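*Asks:* My questions all concern the structure below.
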Amino acid sequence: MFPGLIARKLGMSQVFRQDGTVVAVSVIEAGPCLVTQVETKEKDGYNAIQLGFGPVKRLNRPEKGHLKRTGHLLRHLREFSIDDPASIQLGQRVGVDIFKAGDIVKISGISKGKGFAGGVKRYHFAGGPKTHGQSDRHRAPGSAGGTTFPGRVLKGRRMPGHMGNRKVTVGNLEVIKVDADRNLLLVKGAVPGAKRGLLIINKIRPGK
């Protein structure tokens, strides 16, 4: 019924499967979330729900007015597309129990910011030659464009610049374990971002 949750990355660990193989997992605090708004095609032009996550002490007046009907002050608000919003109630609580072991999900987050980085670090360039008198070309990016034609640097050229701190989505992640009592979700593999970073989890397909 619910397509996903707002969550927070706690770190990484490992678990053992029944056959004894070890699996690296990301530990995620998923929910609990609160339904703060229900959008319908008749009223808003599309079907979606807005979920809120994380208590907060202070909000400005427009934010307080928006959340007044739920009776809670929430820090993070995100929308999720949904086919049948009629079955969702305003103020409804959504927990990690909407997932089960074996589900396949995709997770979006903001990657770690690395600051200004060169071509070798940012795009894994090989660098320049290490011999024949080349003493300052080891990490240089090389030629950036043509001379007479096209006579400019083409858009999209991979060059040094700001690295990280952007939205990254990782798909086809398997849910290994769900701990509803502690609102924890164990997902196989790594997810974007640093510890305590905000994540958006969307269910792709249910487990077998």
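Ordering of the structure tokens sets the chain letters (A, B, ...), residue numbers begin anew at 1 in every chain, and ligands are numbered from 1 in the order given.
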Would you kindly return, as a PyMOL selection string, each protein, DNA or RNA residue with an atom no farther than 10 Å from any atom of Asp97 of chain A, considering only C-alpha atoms and excluding same-chain residues fewer than 4 positions away?

*Replies:* chain A and resi 30-32+178-181+183-185

*Asks:* Residues of the last selection are to be written out with C-alpha atoms, as a PDB file, in the first residue's frame.

*Replies:*
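What ended up in result-v3.pdb:
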ATOM      1  CA  ALA A  30      13.391   3.683   8.595  1.00  0.00           C
ATOM      2  CA  GLY A  31      10.510   5.705  10.011  1.00  0.00           C
ATOM      3  CA  PRO A  32       8.241   5.912  11.759  1.00  0.00           C
ATOM      4  CA  VAL A 178      13.397  -5.966   9.283  1.00  0.00           C
ATOM      5  CA  ASP A 179      13.400  -5.069  12.992  1.00  0.00           C
ATOM      6  CA  ALA A 180      10.000  -3.452  13.580  1.00  0.00           C
ATOM      7  CA  ASP A 181      10.563  -3.028  17.324  1.00  0.00           C
ATOM      8  CA  ASN A 183      12.503   0.667  13.346  1.00  0.00           C
ATOM      9  CA  LEU A 184      15.624  -0.806  11.733  1.00  0.00           C
ATOM     10  CA  LEU A 185      16.092  -2.010   8.187  1.00  0.00           C
TER      11      LEU A 185
END

*Asks:* Arg137 of chain A: which residues within 7 Å, counting only C-alpha atoms, same-chain residues fewer than 3 positions away excluded, as a list of chain:residue names?

*Replies:*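 Listing them by chain and then by number gives A:Gly127, A:Gly128, A:Pro129, A:Gln134, A:Ala140.
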
*Asks:* Would you mind exporting all heavy atoms of the selected residues as an mmCIF file, in the first residue's frame?

*Replies:*
data_model
loop_
_atom_site.group_PDB
_atom_site.id
_atom_site.type_symbol
_atom_site.label_atom_id
_atom_site.label_comp_id
_atom_site.auth_asym_id
_atom_site.auth_seq_id
_atom_site.Cartn_x
_atom_site.Cartn_y
_atom_site.Cartn_z
ATOM 1 N N GLY A 127 46.284 10.197 -15.817
ATOM 2 C CA GLY A 127 47.368 11.154 -15.639
ATOM 3 C C GLY A 127 48.317 11.132 -16.825
ATOM 4 O O GLY A 127 48.170 10.340 -17.762
ATOM 5 N N GLY A 128 49.336 11.999 -16.773
ATOM 6 C CA GLY A 128 50.276 12.109 -17.879
ATOM 7 C C GLY A 128 51.431 11.145 -17.757
ATOM 8 O O GLY A 128 51.505 10.340 -16.815
ATOM 9 N N PRO A 129 52.354 11.214 -18.709
ATOM 10 C CA PRO A 129 53.507 10.303 -18.687
ATOM 11 C C PRO A 129 54.422 10.592 -17.502
ATOM 12 O O PRO A 129 54.543 11.728 -17.046
ATOM 13 C CB PRO A 129 54.219 10.600 -20.014
ATOM 14 C CG PRO A 129 53.764 11.966 -20.386
ATOM 15 C CD PRO A 129 52.368 12.099 -19.873
ATOM 16 N N GLN A 134 58.894 14.581 -18.193
ATOM 17 C CA GLN A 134 57.596 15.103 -17.744
ATOM 18 C C GLN A 134 57.566 15.113 -16.219
ATOM 19 O O GLN A 134 57.293 14.095 -15.586
ATOM 20 C CB GLN A 134 56.465 14.242 -18.292
ATOM 21 C CG GLN A 134 56.410 14.174 -19.805
ATOM 22 C CD GLN A 134 56.033 15.500 -20.426
ATOM 23 O OE1 GLN A 134 55.152 16.191 -19.952
ATOM 24 N NE2 GLN A 134 56.721 15.875 -21.489
ATOM 25 N N ALA A 140 47.778 15.765 -14.330
ATOM 26 C CA ALA A 140 47.128 16.757 -15.187
ATOM 27 C C ALA A 140 46.042 16.091 -16.034
ATOM 28 O O ALA A 140 46.172 14.930 -16.421
ATOM 29 C CB ALA A 140 48.162 17.427 -16.085
#

*Asks:* Neighbours of Val15 of chain A within 10 Å (only C-alpha atoms; same-chain residues fewer than 3 positions away dropped), as an mmCIF file with all heavy atoms, in the first residue's frame?

*Replies:*
data_model
loop_
_atom_site.group_PDB
_atom_site.id
_atom_site.type_symbol
_atom_site.label_atom_id
_atom_site.label_comp_id
_atom_site.auth_asym_id
_atom_site.auth_seq_id
_atom_site.Cartn_x
_atom_site.Cartn_y
_atom_site.Cartn_z
ATOM 1 N N GLN A 18 21.500 -18.178 6.509
ATOM 2 C CA GLN A 18 21.275 -19.520 7.017
ATOM 3 C C GLN A 18 22.339 -20.507 6.537
ATOM 4 O O GLN A 18 22.678 -21.456 7.254
ATOM 5 C CB GLN A 18 19.887 -20.019 6.591
ATOM 6 C CG GLN A 18 18.732 -19.245 7.200
ATOM 7 C CD GLN A 18 18.615 -19.458 8.686
ATOM 8 O OE1 GLN A 18 19.028 -20.496 9.207
ATOM 9 N NE2 GLN A 18 18.054 -18.492 9.398
ATOM 10 N N GLY A 20 25.442 -19.822 6.147
ATOM 11 C CA GLY A 20 26.737 -19.482 6.716
ATOM 12 C C GLY A 20 27.492 -18.400 5.990
ATOM 13 O O GLY A 20 28.541 -17.966 6.465
ATOM 14 N N THR A 21 26.992 -17.951 4.836
ATOM 15 C CA THR A 21 27.678 -16.878 4.111
ATOM 16 C C THR A 21 27.454 -15.540 4.815
ATOM 17 O O THR A 21 26.384 -15.294 5.378
ATOM 18 C CB THR A 21 27.176 -16.779 2.662
ATOM 19 O OG1 THR A 21 25.755 -16.580 2.669
ATOM 20 C CG2 THR A 21 27.505 -18.050 1.905
ATOM 21 N N VAL A 22 28.475 -14.691 4.773
ATOM 22 C CA VAL A 22 28.398 -13.386 5.427
ATOM 23 C C VAL A 22 27.992 -12.329 4.398
ATOM 24 O O VAL A 22 28.413 -12.377 3.246
ATOM 25 C CB VAL A 22 29.734 -13.026 6.103
ATOM 26 C CG1 VAL A 22 30.837 -12.841 5.070
ATOM 27 C CG2 VAL A 22 29.601 -11.772 6.947
ATOM 28 N N VAL A 23 27.146 -11.404 4.821
ATOM 29 C CA VAL A 23 26.626 -10.363 3.936
ATOM 30 C C VAL A 23 26.870 -9.005 4.578
ATOM 31 O O VAL A 23 26.522 -8.790 5.740
ATOM 32 C CB VAL A 23 25.115 -10.551 3.671
ATOM 33 C CG1 VAL A 23 24.596 -9.449 2.749
ATOM 34 C CG2 VAL A 23 24.845 -11.913 3.075
ATOM 35 N N ALA A 24 27.492 -8.091 3.831
ATOM 36 C CA ALA A 24 27.650 -6.716 4.302
ATOM 37 C C ALA A 24 26.319 -5.988 4.153
ATOM 38 O O ALA A 24 25.684 -6.041 3.088
ATOM 39 C CB ALA A 24 28.742 -6.000 3.506
ATOM 40 N N VAL A 25 25.880 -5.322 5.202
ATOM 41 C CA VAL A 25 24.580 -4.660 5.187
ATOM 42 C C VAL A 25 24.714 -3.211 5.661
ATOM 43 O O VAL A 25 25.600 -2.875 6.453
ATOM 44 C CB VAL A 25 23.555 -5.398 6.068
ATOM 45 C CG1 VAL A 25 23.276 -6.781 5.532
ATOM 46 C CG2 VAL A 25 24.007 -5.454 7.516
ATOM 47 N N ILE A 176 17.515 -7.501 3.833
ATOM 48 C CA ILE A 176 17.969 -8.713 4.512
ATOM 49 C C ILE A 176 17.157 -8.996 5.770
ATOM 50 O O ILE A 176 16.772 -10.133 6.037
ATOM 51 C CB ILE A 176 19.476 -8.602 4.864
ATOM 52 C CG1 ILE A 176 20.309 -8.402 3.589
ATOM 53 C CG2 ILE A 176 19.945 -9.846 5.615
ATOM 54 C CD1 ILE A 176 20.240 -9.548 2.616
ATOM 55 N N LYS A 177 16.867 -7.949 6.552
ATOM 56 C CA LYS A 177 16.152 -8.138 7.808
ATOM 57 C C LYS A 177 15.378 -6.883 8.164
ATOM 58 O O LYS A 177 15.807 -5.771 7.869
ATOM 59 C CB LYS A 177 17.147 -8.480 8.931
ATOM 60 C CG LYS A 177 16.508 -8.808 10.266
ATOM 61 C CD LYS A 177 17.559 -9.163 11.311
ATOM 62 C CE LYS A 177 16.927 -9.480 12.648
ATOM 63 N NZ LYS A 177 17.951 -9.799 13.682
ATOM 64 N N LEU A 186 17.797 -3.631 7.548
ATOM 65 C CA LEU A 186 19.118 -4.063 7.108
ATOM 66 C C LEU A 186 19.049 -4.357 5.613
ATOM 67 O O LEU A 186 18.287 -5.227 5.183
ATOM 68 C CB LEU A 186 19.577 -5.297 7.879
ATOM 69 C CG LEU A 186 19.653 -5.178 9.404
ATOM 70 C CD1 LEU A 186 20.252 -6.436 10.007
ATOM 71 C CD2 LEU A 186 20.461 -3.953 9.813
ATOM 72 N N LYS A 188 21.193 -5.122 1.959
ATOM 73 C CA LYS A 188 22.448 -5.645 1.436
ATOM 74 C C LYS A 188 23.201 -4.568 0.664
ATOM 75 O O LYS A 188 22.642 -3.889 -0.196
ATOM 76 C CB LYS A 188 22.166 -6.840 0.528
ATOM 77 C CG LYS A 188 23.429 -7.497 -0.033
ATOM 78 C CD LYS A 188 23.081 -8.681 -0.929
ATOM 79 C CE LYS A 188 24.329 -9.320 -1.513
ATOM 80 N NZ LYS A 188 24.008 -10.457 -2.399
#

*Asks:* Of the residues A:Arg75, A:Gly113, A:Glu174, A:Ala194, which is the one nearest to Arg58 of chain A, using only C-alpha atoms?

*Replies:*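 Closest to Arg58 of chain A of all the choices is A:Arg75.
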
*Asks:* What lies within 10 Å of Leu5 of chain A using only C-alpha atoms, ignoring chain neighbours under 4 positions off, as a ChimeraX atom specification?

*Replies:* /A:30-34,51-53,78-80,94-96,98-99,107,199-203

*Asks:* Please identify all polymer residues within 12 Å of Pro192 of chain A, counting only C-alpha atoms, omitting same-chain residues fewer than 6 positions from it, and present them as a compact mmCIF listing (two decimals) with N, CA, C and O atoms, in the first residue's frame.

*Replies:*
# COMPACT_ATOMS: atom_id res chain seq x y z
N ARG A 8 16.99 7.24 7.79
CA ARG A 8 18.28 7.83 8.14
C ARG A 8 19.33 6.71 8.20
O ARG A 8 19.09 5.65 8.77
N LYS A 9 20.48 6.96 7.59
CA LYS A 9 21.56 5.98 7.57
C LYS A 9 22.28 5.97 8.92
O LYS A 9 22.70 7.02 9.42
N LEU A 10 22.44 4.79 9.50
CA LEU A 10 23.13 4.67 10.77
C LEU A 10 24.56 4.14 10.63
O LEU A 10 25.39 4.38 11.49
N GLY A 11 24.84 3.40 9.58
CA GLY A 11 26.18 2.84 9.40
C GLY A 11 26.11 1.51 8.68
O GLY A 11 25.12 1.19 8.04
N MET A 12 27.19 0.71 8.81
CA MET A 12 27.24 -0.58 8.16
C MET A 12 27.61 -1.67 9.15
O MET A 12 28.21 -1.39 10.20
N SER A 26 23.82 -2.37 5.17
CA SER A 26 23.66 -1.01 5.68
C SER A 26 22.54 -1.03 6.72
O SER A 26 21.47 -1.61 6.48
N ILE A 28 19.76 0.95 8.63
CA ILE A 28 18.97 2.15 8.34
C ILE A 28 17.85 2.27 9.35
O ILE A 28 17.13 1.30 9.63
N LYS A 106 14.97 0.59 -3.93
CA LYS A 106 15.98 1.56 -4.40
C LYS A 106 16.05 2.67 -3.36
O LYS A 106 15.04 3.06 -2.77
N ILE A 107 17.26 3.16 -3.12
CA ILE A 107 17.49 4.12 -2.05
C ILE A 107 18.23 5.33 -2.61
O ILE A 107 19.24 5.19 -3.31
N SER A 108 17.71 6.52 -2.30
CA SER A 108 18.32 7.77 -2.75
C SER A 108 18.84 8.55 -1.54
O SER A 108 18.24 8.53 -0.47
N GLY A 109 19.96 9.23 -1.74
CA GLY A 109 20.54 10.05 -0.68
C GLY A 109 21.54 11.03 -1.27
O GLY A 109 21.83 11.01 -2.48
N ILE A 110 22.07 11.90 -0.43
CA ILE A 110 23.07 12.88 -0.85
C ILE A 110 24.45 12.29 -0.56
O ILE A 110 24.76 11.96 0.59
N SER A 111 25.28 12.16 -1.60
CA SER A 111 26.59 11.55 -1.45
C SER A 111 27.50 12.43 -0.62
O SER A 111 27.26 13.64 -0.47
N LYS A 112 28.57 11.86 -0.09
CA LYS A 112 29.54 12.61 0.70
C LYS A 112 30.21 13.67 -0.18
O LYS A 112 30.64 13.40 -1.29
N GLY A 113 30.32 14.87 0.34
CA GLY A 113 30.98 15.94 -0.39
C GLY A 113 32.50 15.82 -0.27
O GLY A 113 33.04 15.66 0.82
N GLY A 164 31.05 15.08 -5.47
CA GLY A 164 30.14 14.61 -4.42
C GLY A 164 29.09 15.65 -4.07
O GLY A 164 28.85 16.61 -4.80
N ASN A 165 28.42 15.42 -2.93
CA ASN A 165 27.37 16.30 -2.43
C ASN A 165 26.25 16.47 -3.47
O ASN A 165 25.80 17.57 -3.74
N ARG A 166 25.83 15.35 -4.05
CA ARG A 166 24.74 15.37 -5.02
C ARG A 166 23.85 14.15 -4.80
O ARG A 166 24.23 13.20 -4.13
N LYS A 167 22.67 14.20 -5.37
CA LYS A 167 21.73 13.10 -5.19
C LYS A 167 22.20 11.87 -5.94
O LYS A 167 22.52 11.93 -7.13
N VAL A 168 22.23 10.74 -5.24
CA VAL A 168 22.64 9.46 -5.82
C VAL A 168 21.57 8.43 -5.49
O VAL A 168 21.08 8.37 -4.36
N THR A 169 21.19 7.63 -6.48
CA THR A 169 20.20 6.58 -6.28
C THR A 169 20.84 5.22 -6.59
O THR A 169 21.44 5.05 -7.64
N VAL A 170 20.69 4.28 -5.67
CA VAL A 170 21.19 2.92 -5.85
C VAL A 170 19.98 1.99 -5.89
O VAL A 170 19.14 2.00 -4.98
N GLY A 171 19.89 1.20 -6.95
CA GLY A 171 18.73 0.32 -7.12
C GLY A 171 19.05 -1.14 -6.88
O GLY A 171 20.20 -1.54 -6.68
N LEU A 198 20.12 11.65 5.43
CA LEU A 198 18.73 11.35 5.10
C LEU A 198 18.66 10.47 3.85
O LEU A 198 19.39 10.69 2.88
N LEU A 199 17.75 9.49 3.87
CA LEU A 199 17.55 8.57 2.76
C LEU A 199 16.08 8.50 2.38
O LEU A 199 15.21 8.67 3.24
N ILE A 200 15.82 8.24 1.12
CA ILE A 200 14.46 7.97 0.64
C ILE A 200 14.44 6.54 0.10
O ILE A 200 15.20 6.21 -0.82
N ILE A 201 13.60 5.70 0.69
CA ILE A 201 13.52 4.29 0.30
C ILE A 201 12.24 4.06 -0.48
O ILE A 201 11.14 4.40 -0.01

*Asks:* Env of Leu59 of chain A: 12 Å cut, atoms = only C-alpha atoms, seq-sep filter 2 positions within chain, self excluded. Answer as a PyMOL selection string.

*Replies:* chain A and resi 55-57+61-68+72-76

*Asks:* Write down as JSON, numbers by chain the residues belonging to segment 89-202 of chain A that are assigned strand (DSSP E) by DSSP computed on the backbone.

*Replies:* {"A": [93, 94, 104, 105, 106, 107, 108, 109, 110, 115, 116, 117, 161, 162, 163, 167, 168, 169, 170, 171, 172, 173, 174, 175, 176, 177, 178, 179, 184, 185, 186, 187, 188, 198, 199, 200, 201, 202]}

*Asks:* Restricting the output to C-alpha atoms, write the selected residues as a JSON list (two decimals), in the first residue's frame.

*Replies:*
[["chain", "number", "residue", "atom", "x", "y", "z"],
["A", 93, "ARG", "CA", 1.49, 6.31, 11.03],
["A", 94, "VAL", "CA", 3.78, 4.36, 8.70],
["A", 104, "ILE", "CA", 13.91, -5.24, -3.56],
["A", 105, "VAL", "CA", 14.23, -1.50, -2.98],
["A", 106, "LYS", "CA", 15.98, 1.56, -4.40],
["A", 107, "ILE", "CA", 17.49, 4.12, -2.05],
["A", 108, "SER", "CA", 18.32, 7.77, -2.75],
["A", 109, "GLY", "CA", 20.54, 10.05, -0.68],
["A", 110, "ILE", "CA", 23.07, 12.88, -0.85],
["A", 115, "GLY", "CA", 35.19, 19.44, -2.26],
["A", 116, "PHE", "CA", 37.18, 20.49, -5.34],
["A", 117, "ALA", "CA", 38.83, 17.45, -6.92],
["A", 161, "GLY", "CA", 35.50, 20.49, -10.22],
["A", 162, "HIS", "CA", 33.23, 19.95, -7.25],
["A", 163, "MET", "CA", 32.96, 16.27, -6.34],
["A", 167, "LYS", "CA", 21.73, 13.10, -5.19],
["A", 168, "VAL", "CA", 22.64, 9.46, -5.82],
["A", 169, "THR", "CA", 20.20, 6.58, -6.28],
["A", 170, "VAL", "CA", 21.19, 2.92, -5.85],
["A", 171, "GLY", "CA", 18.73, 0.32, -7.12],
["A", 172, "ASN", "CA", 18.08, -3.41, -6.74],
["A", 173, "LEU", "CA", 19.06, -3.56, -3.07],
["A", 174, "GLU", "CA", 17.80, -6.58, -1.15],
["A", 175, "VAL", "CA", 16.20, -6.22, 2.26],
["A", 176, "ILE", "CA", 17.97, -8.71, 4.51],
["A", 177, "LYS", "CA", 16.15, -8.14, 7.81],
["A", 178, "VAL", "CA", 13.40, -5.97, 9.28],
["A", 179, "ASP", "CA", 13.40, -5.07, 12.99],
["A", 184, "LEU", "CA", 15.62, -0.81, 11.73],
["A", 185, "LEU", "CA", 16.09, -2.01, 8.19],
["A", 186, "LEU", "CA", 19.12, -4.06, 7.11],
["A", 187, "VAL", "CA", 19.81, -3.71, 3.38],
["A", 188, "LYS", "CA", 22.45, -5.65, 1.44],
["A", 198, "LEU", "CA", 18.73, 11.35, 5.10],
["A", 199, "LEU", "CA", 17.55, 8.57, 2.76],
["A", 200, "ILE", "CA", 14.46, 7.97, 0.64],
["A", 201, "ILE", "CA", 13.52, 4.29, 0.30],
["A", 202, "ASN", "CA", 11.21, 3.15, -2.50]]

*Asks:* Measuring between only C-alpha atoms, which one of A:Gly189, A:Val120, A:Met159, A:Lys130 shows the shortest distance to Ser13 of chain A?

*Replies:*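 For Ser13 of chain A, the nearest of the candidates is A:Gly189.
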
*Asks:* Given only C-alpha atoms as the basis, pick out the residue of A:Arg205, A:Lys155, A:Arg182, A:Arg139 nearest to Asp103 of chain A.

*Replies:*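 Nearest candidate to Asp103 of chain A out of A:Arg205, A:Lys155, A:Arg182, A:Arg139: A:Arg205.
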
*Asks:* Measure the distance from atom CA of Ala144 of chain A to atom CA of Ala126 of chain A in Å and round it to one decimal.

*Replies:*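 Atom CA of Ala126 of chain A lies 14.7 Å from atom CA of Ala144 of chain A.
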
*Asks:* Mind pulling up the distance from atom CA of Lys43 of chain A to atom CA of Ile204 of chain A?

*Replies:*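 The value is 27.2 Å.
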